[in-house]
file query-v6.txt (compact mmCIF, C-alpha atoms and all ligand atoms)
# COMPACT_ATOMS: atom_id res chain seq x y z
CA MET F 1 212.10 -77.30 60.64
CA ARG F 2 209.07 -78.17 58.54
CA LYS F 3 206.40 -79.58 60.86
CA LYS F 4 203.50 -81.90 60.17
CA ILE F 5 200.40 -80.18 61.52
CA VAL F 6 196.72 -81.04 61.54
CA ALA F 7 194.64 -78.12 62.85
CA GLY F 8 190.94 -78.23 63.62
CA ASN F 9 189.06 -74.98 63.04
CA TRP F 10 185.79 -75.35 64.89
CA LYS F 11 184.56 -71.99 63.52
CA MET F 12 181.36 -70.80 65.32
CA ASN F 13 180.18 -74.22 66.47
CA LYS F 14 179.44 -76.00 69.78
CA THR F 15 177.92 -74.89 73.06
CA SER F 16 180.08 -75.10 76.17
CA GLU F 17 178.89 -78.58 77.08
CA GLU F 18 179.28 -79.85 73.52
CA ALA F 19 182.73 -78.31 73.24
CA GLN F 20 183.91 -79.95 76.46
CA ALA F 21 182.60 -83.34 75.32
CA LEU F 22 184.28 -83.10 71.91
CA LEU F 23 187.52 -81.83 73.43
CA SER F 24 187.73 -84.71 75.88
CA GLU F 25 187.01 -87.26 73.12
CA VAL F 26 189.70 -85.76 70.87
CA VAL F 27 192.25 -85.60 73.70
CA ASN F 28 191.62 -89.23 74.62
CA MET F 29 191.81 -90.47 71.04
CA VAL F 30 194.97 -88.49 70.28
CA ASN F 31 196.65 -89.74 73.44
CA ASP F 32 195.65 -93.35 72.74
CA GLU F 33 196.16 -93.55 69.00
CA ILE F 34 198.62 -90.96 67.75
CA THR F 35 202.24 -91.97 68.10
CA GLY F 36 203.84 -90.07 65.22
CA ASP F 37 205.39 -86.62 65.13
CA VAL F 38 202.28 -84.74 64.01
CA GLU F 39 201.26 -81.63 65.96
CA VAL F 40 197.52 -81.26 66.53
CA VAL F 41 196.16 -77.72 66.89
CA LEU F 42 192.64 -77.18 68.22
CA CYS F 43 191.07 -73.81 67.39
CA PRO F 44 187.78 -73.47 69.28
CA PRO F 45 185.65 -70.31 69.52
CA SER F 46 187.54 -67.74 71.59
CA ILE F 47 185.12 -67.99 74.52
CA TYR F 48 186.48 -71.50 75.20
CA LEU F 49 190.21 -70.84 74.75
CA SER F 50 190.93 -70.43 78.44
CA ALA F 51 189.12 -73.65 79.40
CA PHE F 52 190.88 -75.54 76.61
CA ARG F 53 194.26 -74.26 77.77
CA GLN F 54 193.56 -75.47 81.28
CA TYR F 55 192.44 -78.90 80.06
CA VAL F 56 195.19 -79.55 77.51
CA PRO F 57 198.69 -79.86 78.99
CA VAL F 58 201.31 -77.48 77.62
CA GLY F 59 204.02 -79.21 75.61
CA GLY F 60 201.96 -82.29 74.70
CA LYS F 61 200.77 -83.47 71.30
CA ILE F 62 197.95 -80.90 71.22
CA SER F 63 198.37 -77.14 70.89
CA ILE F 64 195.67 -74.50 71.13
CA GLY F 65 194.90 -71.81 68.56
CA ALA F 66 192.60 -68.80 68.35
CA GLN F 67 190.58 -68.17 65.20
CA ASN F 68 191.41 -64.46 64.90
CA CYS F 69 192.86 -61.49 66.75
CA HIS F 70 192.56 -57.72 66.39
CA GLU F 71 195.45 -55.74 64.89
CA LYS F 72 195.69 -53.43 67.91
CA ALA F 73 196.98 -54.43 71.34
CA SER F 74 194.08 -52.90 73.28
CA GLY F 75 191.49 -50.16 73.10
CA ALA F 76 187.89 -49.28 72.30
CA TYR F 77 187.09 -52.14 69.93
CA THR F 78 183.95 -53.66 71.40
CA GLY F 79 183.66 -57.39 70.89
CA GLU F 80 187.24 -57.95 69.75
CA ILE F 81 190.09 -59.86 71.37
CA SER F 82 193.76 -58.95 71.18
CA ALA F 83 196.98 -60.86 70.67
CA PRO F 84 198.31 -59.95 74.15
CA MET F 85 195.10 -61.33 75.70
CA ILE F 86 195.39 -64.55 73.72
CA GLN F 87 199.05 -64.86 74.62
CA SER F 88 198.31 -64.18 78.29
CA ILE F 89 196.27 -67.39 78.61
CA GLY F 90 198.97 -69.52 77.01
CA VAL F 91 197.54 -70.04 73.52
CA ASP F 92 200.09 -71.13 70.90
CA TYR F 93 198.63 -70.28 67.48
CA VAL F 94 196.22 -67.85 65.84
CA ILE F 95 194.45 -68.36 62.51
CA LEU F 96 194.67 -65.16 60.46
CA GLY F 97 193.09 -64.22 57.16
CA HIS F 98 190.61 -67.05 56.90
CA SER F 99 188.48 -66.51 53.79
CA GLU F 100 185.38 -66.19 55.99
CA ARG F 101 187.01 -63.26 57.80
CA ARG F 102 188.04 -61.74 54.49
CA GLN F 103 184.54 -62.19 53.03
CA TYR F 104 182.27 -61.33 55.97
CA PHE F 105 184.47 -58.91 57.90
CA GLY F 106 186.28 -57.24 55.00
CA GLU F 107 189.78 -58.13 56.12
CA THR F 108 192.42 -56.90 53.67
CA ASN F 109 195.96 -58.02 52.99
CA ALA F 110 197.30 -54.79 54.54
CA GLN F 111 195.22 -55.25 57.70
CA LEU F 112 196.37 -58.86 57.89
CA ALA F 113 199.98 -57.71 57.75
CA GLU F 114 199.25 -55.75 60.95
CA LYS F 115 197.58 -58.75 62.55
CA VAL F 116 200.53 -60.94 61.65
CA ASN F 117 202.89 -58.41 63.24
CA ILE F 118 201.03 -58.15 66.52
CA ALA F 119 200.59 -61.92 66.73
CA LEU F 120 204.33 -62.51 66.25
CA ASP F 121 205.23 -59.67 68.64
CA ASN F 122 203.22 -61.52 71.29
CA GLY F 123 204.70 -64.93 70.69
CA LEU F 124 201.72 -66.34 68.77
CA LYS F 125 202.35 -68.42 65.65
CA PRO F 126 200.07 -67.27 62.81
CA ILE F 127 198.32 -69.85 60.65
CA PHE F 128 198.00 -67.55 57.65
CA CYS F 129 195.19 -68.49 55.26
CA CYS F 130 195.18 -67.76 51.56
CA GLY F 131 193.20 -69.01 48.59
CA GLU F 132 191.27 -68.08 45.49
CA SER F 133 187.58 -67.96 44.59
CA ARG F 134 185.99 -70.33 42.13
CA ASP F 135 185.61 -67.54 39.57
CA LEU F 136 189.31 -66.74 39.77
CA ARG F 137 190.25 -70.42 39.53
CA GLU F 138 188.21 -70.74 36.34
CA ASN F 139 188.88 -67.38 34.71
CA GLY F 140 191.93 -65.68 36.15
CA ASP F 141 195.48 -65.69 37.41
CA TYR F 142 194.64 -67.60 40.57
CA ILE F 143 198.23 -68.50 41.34
CA GLY F 144 199.27 -64.84 41.09
CA PHE F 145 196.35 -63.85 43.34
CA VAL F 146 197.36 -66.24 46.11
CA LYS F 147 201.03 -65.28 45.79
CA ASP F 148 199.99 -61.62 46.18
CA GLN F 149 198.11 -62.43 49.39
CA ILE F 150 201.33 -63.85 50.80
CA THR F 151 203.51 -61.04 49.45
CA GLU F 152 201.30 -58.28 50.84
CA SER F 153 200.69 -59.76 54.28
CA LEU F 154 203.94 -61.60 55.02
CA PHE F 155 206.92 -60.56 52.91
CA HIS F 156 207.73 -57.54 55.07
CA LEU F 157 208.80 -60.02 57.79
CA SER F 158 212.40 -60.90 58.50
CA ALA F 159 213.35 -64.50 57.71
CA GLU F 160 213.58 -65.10 61.46
CA SER F 161 209.99 -63.96 62.02
CA PHE F 162 208.68 -65.68 58.90
CA ALA F 163 209.95 -68.97 60.32
CA ASN F 164 207.15 -68.80 62.91
CA VAL F 165 204.39 -68.56 60.29
CA VAL F 166 202.38 -71.54 59.05
CA ILE F 167 200.67 -71.12 55.66
CA ALA F 168 197.24 -72.65 55.00
CA TYR F 169 196.16 -72.82 51.37
CA GLU F 170 192.38 -72.97 51.29
CA PRO F 171 190.70 -72.62 47.90
CA ILE F 172 187.42 -70.86 48.72
CA TRP F 173 185.50 -73.07 46.30
CA ALA F 174 186.49 -76.10 48.37
CA ILE F 175 185.57 -74.79 51.83
CA GLY F 176 182.51 -76.47 53.29
CA THR F 177 181.31 -77.44 49.81
CA GLY F 178 182.39 -81.06 49.63
CA LEU F 179 184.44 -80.07 46.56
CA THR F 180 187.98 -80.93 47.65
CA ALA F 181 190.87 -79.79 45.52
CA SER F 182 192.37 -82.85 43.91
CA SER F 183 195.68 -83.91 45.38
CA ALA F 184 197.34 -82.71 42.15
CA GLN F 185 195.67 -79.28 42.39
CA ALA F 186 196.76 -78.97 46.03
CA GLN F 187 200.31 -80.07 45.24
CA ASP F 188 200.59 -77.67 42.28
CA MET F 189 199.61 -74.68 44.40
CA HIS F 190 201.71 -75.70 47.40
CA PHE F 191 204.72 -76.11 45.10
CA GLU F 192 204.11 -72.66 43.59
CA LEU F 193 203.82 -71.11 47.04
CA ARG F 194 207.01 -72.76 48.24
CA GLN F 195 208.83 -71.42 45.17
CA HIS F 196 207.39 -67.98 45.91
CA ILE F 197 208.65 -68.15 49.48
CA ALA F 198 212.05 -69.26 48.18
CA SER F 199 212.18 -66.20 45.91
CA GLN F 200 211.92 -63.98 48.99
CA TYR F 201 213.67 -65.93 51.73
CA GLY F 202 215.75 -68.57 49.95
CA ASP F 203 215.44 -72.33 49.58
CA VAL F 204 216.27 -73.28 53.16
CA VAL F 205 213.47 -71.17 54.64
CA ALA F 206 211.05 -72.31 51.92
CA GLN F 207 211.79 -75.97 52.57
CA ASP F 208 211.27 -75.41 56.28
CA THR F 209 207.88 -73.69 55.85
CA THR F 210 204.84 -75.71 56.82
CA ILE F 211 202.07 -75.38 54.21
CA LEU F 212 198.67 -76.86 55.14
CA TYR F 213 195.78 -77.64 52.84
CA GLY F 214 192.19 -76.78 53.81
CA GLY F 215 188.86 -77.25 52.05
CA SER F 216 186.59 -80.27 52.53
CA ALA F 217 189.49 -82.41 53.73
CA ASN F 218 188.18 -85.48 55.54
CA GLU F 219 189.05 -89.02 56.59
CA LYS F 220 188.51 -90.30 53.04
CA ASN F 221 190.76 -87.91 51.12
CA ALA F 222 193.35 -86.94 53.77
CA ALA F 223 195.85 -89.71 53.05
CA GLU F 224 196.10 -88.84 49.37
CA LEU F 225 196.36 -85.10 50.05
CA PHE F 226 199.03 -85.60 52.72
CA ALA F 227 201.03 -87.91 50.47
CA GLN F 228 201.88 -84.94 48.23
CA PRO F 229 205.44 -83.73 48.81
CA ASP F 230 204.51 -80.09 49.48
CA VAL F 231 201.36 -80.74 51.56
CA ASP F 232 202.50 -80.77 55.19
CA GLY F 233 199.13 -81.21 56.84
CA GLY F 234 195.66 -79.79 56.98
CA LEU F 235 193.42 -77.05 58.33
CA ILE F 236 190.21 -78.98 58.89
CA GLY F 237 186.76 -77.44 59.33
CA GLY F 238 183.70 -79.69 59.29
CA ALA F 239 185.60 -82.92 59.81
CA SER F 240 187.23 -81.53 62.97
CA LEU F 241 183.81 -81.46 64.67
CA LYS F 242 183.65 -85.27 64.77
CA SER F 243 186.22 -86.84 67.08
CA ARG F 244 186.52 -90.17 65.22
CA GLU F 245 186.88 -88.54 61.82
CA PHE F 246 189.29 -85.86 63.02
CA THR F 247 191.49 -88.49 64.66
CA ASN F 248 191.48 -90.47 61.43
CA VAL F 249 192.63 -87.36 59.55
CA ILE F 250 195.45 -86.92 62.07
CA LYS F 251 196.39 -90.58 61.65
CA ALA F 252 196.63 -90.03 57.90
CA ARG F 253 199.30 -87.38 58.55
CA GLN F 254 201.44 -89.02 61.23
O1 LIG S 1 189.43 -73.62 58.30
C1 LIG S 1 188.99 -74.60 57.72
C2 LIG S 1 188.55 -74.53 56.35
O2 LIG S 1 187.73 -73.43 56.14
C3 LIG S 1 188.01 -75.81 55.79
O3 LIG S 1 186.68 -76.02 56.17
P1 LIG S 1 185.98 -77.39 55.70
O4 LIG S 1 186.94 -78.48 56.07
O5 LIG S 1 184.69 -77.44 56.45
O6 LIG S 1 185.81 -77.30 54.21
call {"tool": "encode", "arguments": {"input": "query-v6.txt", "output": "structure tokens"}}
result
Amino acid sequence: MRKKIVAGNWKMNKTSEEAQALLSEVVNMVNDEITGDVEVVLCPPSIYLSAFRQYVPVGGKISIGAQNCHEKASGAYTGEISAPMIQSIGVDYVILGHSERRQYFGETNAQLAEKVNIALDNGLKPIFCCGESRDLRENGDYIGFVKDQITESLFHLSAESFANVVIAYEPIWAIGTGLTASSAQAQDMHFELRQHIASQYGDVVAQDTTILYGGSANEKNAAELFAQPDVDGGLIGGASLKSREFTNVIKARQ
């Protein structure tokens, strides 16, 4: 079933003390103020995942996600963390293919297909990110580009496996820039992506797929973005680092 999800990607932010303070504020606000059927996913830096899992009860309104995993299960990959490790501490989701990983760490669609596989094999639900650059948006086939990201990293999956994947459309030109896609631009792309998924897996699977929007989403624009029929929630960066604002974004989705 298509879920409403608001995920907070903390990226490489917060010391241990700061992270604990923000986590406890978010947990309290969500428990006190969120009554709807929205799932909240917190994705802190990996060093805090274990502490977050211990603090946040399993099966409540809040799930925990990692920001990345390696494509191999184990081995000589200094500094990396694996899907089995993430799974072993009870984490629910893993963000894969964020544009920052593609840009700074050279992640490719083929490599991401491997990461998706190992995440699913270990019971983790991928939040698969896709999105085009500003140059492509202005001068190229940006819809085709984003569809290809999905085709090359996800369309080898069975329909049963694909059902565990969440898509996050994040136009690179909107990430951390204050330039949000308009609600119409977000809806257009989400509609195109749902059609693309339908072409591979059929209408039922496509209608059940959760597609999040990310890119300068905040408490001011969230309600309009989430009102679009194909926008099921958000992957929130900067605004997830402020408990009041993040809770307001979640409220806009419930
Ligand atoms: O993963 C989150 C996205 O990169 C959005 O970040 P942002 O909300 O700071 O633009």
call {"tool": "axis_aligned_box", "arguments": {"input": "query-v6.txt", "around": "stretch 199-214 of chain F", "padding_each_side": "3 Å", "output": "JSON"}}
result
{"center_x": 204.2, "center_y": -70.8, "center_z": 51.4, "size_x": 30.1, "size_y": 19.7, "size_z": 16.9}
call {"tool": "closest_residue", "arguments": {"input": "query-v6.txt", "among": "F:Ile62, F:Val27, F:Ala222, F:Ala206", "to": "ligand LIG 1 (chain S)", "atoms": "only C-alpha atoms and all ligand atoms"}}
result
F:Ala222
call {"tool": "residues_around", "arguments": {"input": "query-v6.txt", "residues": "F:Gln254", "least_positions_apart": "5", "cutoff": "8 Å", "atoms": "only C-alpha atoms", "output": "list of chain:residue names"}}
result
F:Lys4, F:Ile34, F:Thr35, F:Gly36, F:Asp37, F:Val38
call {"tool": "residues_near_ligand", "arguments": {"input": "query-v6.txt", "ligand": "ligand LIG 1 (chain S)", "cutoff": "9 Å", "atoms": "all atoms listed in the file", "output": "PyMOL selection string"}}
result
chain F and resi 7-11+67+95+98-100+129+168+170-180+213-218+234-240
call {"tool": "residues_around", "arguments": {"input": "query-v6.txt", "residues": "F:Lys115", "least_positions_apart": "4", "cutoff": "9 Å", "atoms": "all atoms listed in the file", "output": "CSV table (one decimal) with C-alpha atoms, keeping the file's coordinate frame"}}
result
chain,number,residue,atom,x,y,z
F,68,ASN,CA,191.4,-64.5,64.9
F,69,CYS,CA,192.9,-61.5,66.8
F,70,HIS,CA,192.6,-57.7,66.4
F,71,GLU,CA,195.4,-55.7,64.9
F,72,LYS,CA,195.7,-53.4,67.9
F,83,ALA,CA,197.0,-60.9,70.7
F,96,LEU,CA,194.7,-65.2,60.5
F,97,GLY,CA,193.1,-64.2,57.2
F,110,ALA,CA,197.3,-54.8,54.5
F,111,GLN,CA,195.2,-55.2,57.7
F,119,ALA,CA,200.6,-61.9,66.7
F,120,LEU,CA,204.3,-62.5,66.2
F,126,PRO,CA,200.1,-67.3,62.8
F,153,SER,CA,200.7,-59.8,54.3
call {"tool": "closest_residue", "arguments": {"input": "query-v6.txt", "among": "F:Ala223, F:Ala252, F:Leu124, F:Leu157", "to": "F:Ser88", "atoms": "all atoms listed in the file"}}
result
F:Leu124
call {"tool": "atom_distance", "arguments": {"input": "query-v6.txt", "atom1": "atom CA of F:Asp92", "atom2": "atom CA of F:Phe162"}}
result
15.7 Å
call {"tool": "atom_distance", "arguments": {"input": "query-v6.txt", "atom1": "atom CA of F:Arg134", "atom2": "atom CA of F:Tyr104"}}
result
16.9 Å
call {"tool": "atom_distance", "arguments": {"input": "query-v6.txt", "atom1": "atom CA of F:Tyr93", "atom2": "atom CA of F:Val41"}}
result
7.9 Å
call {"tool": "residues_near_point", "arguments": {"input": "query-v6.txt", "point": "(178.6, -70.2, 67.6)", "cutoff": "12 Å", "atoms": "only C-alpha atoms", "output": "ChimeraX atom specification"}}
result
/F:10-16,18-19,44-48
call {"tool": "closest_residue", "arguments": {"input": "query-v6.txt", "among": "F:Val30, F:Leu193, F:Arg137, F:Gly144", "to": "F:Val6", "atoms": "all atoms listed in the file"}}
result
F:Val30
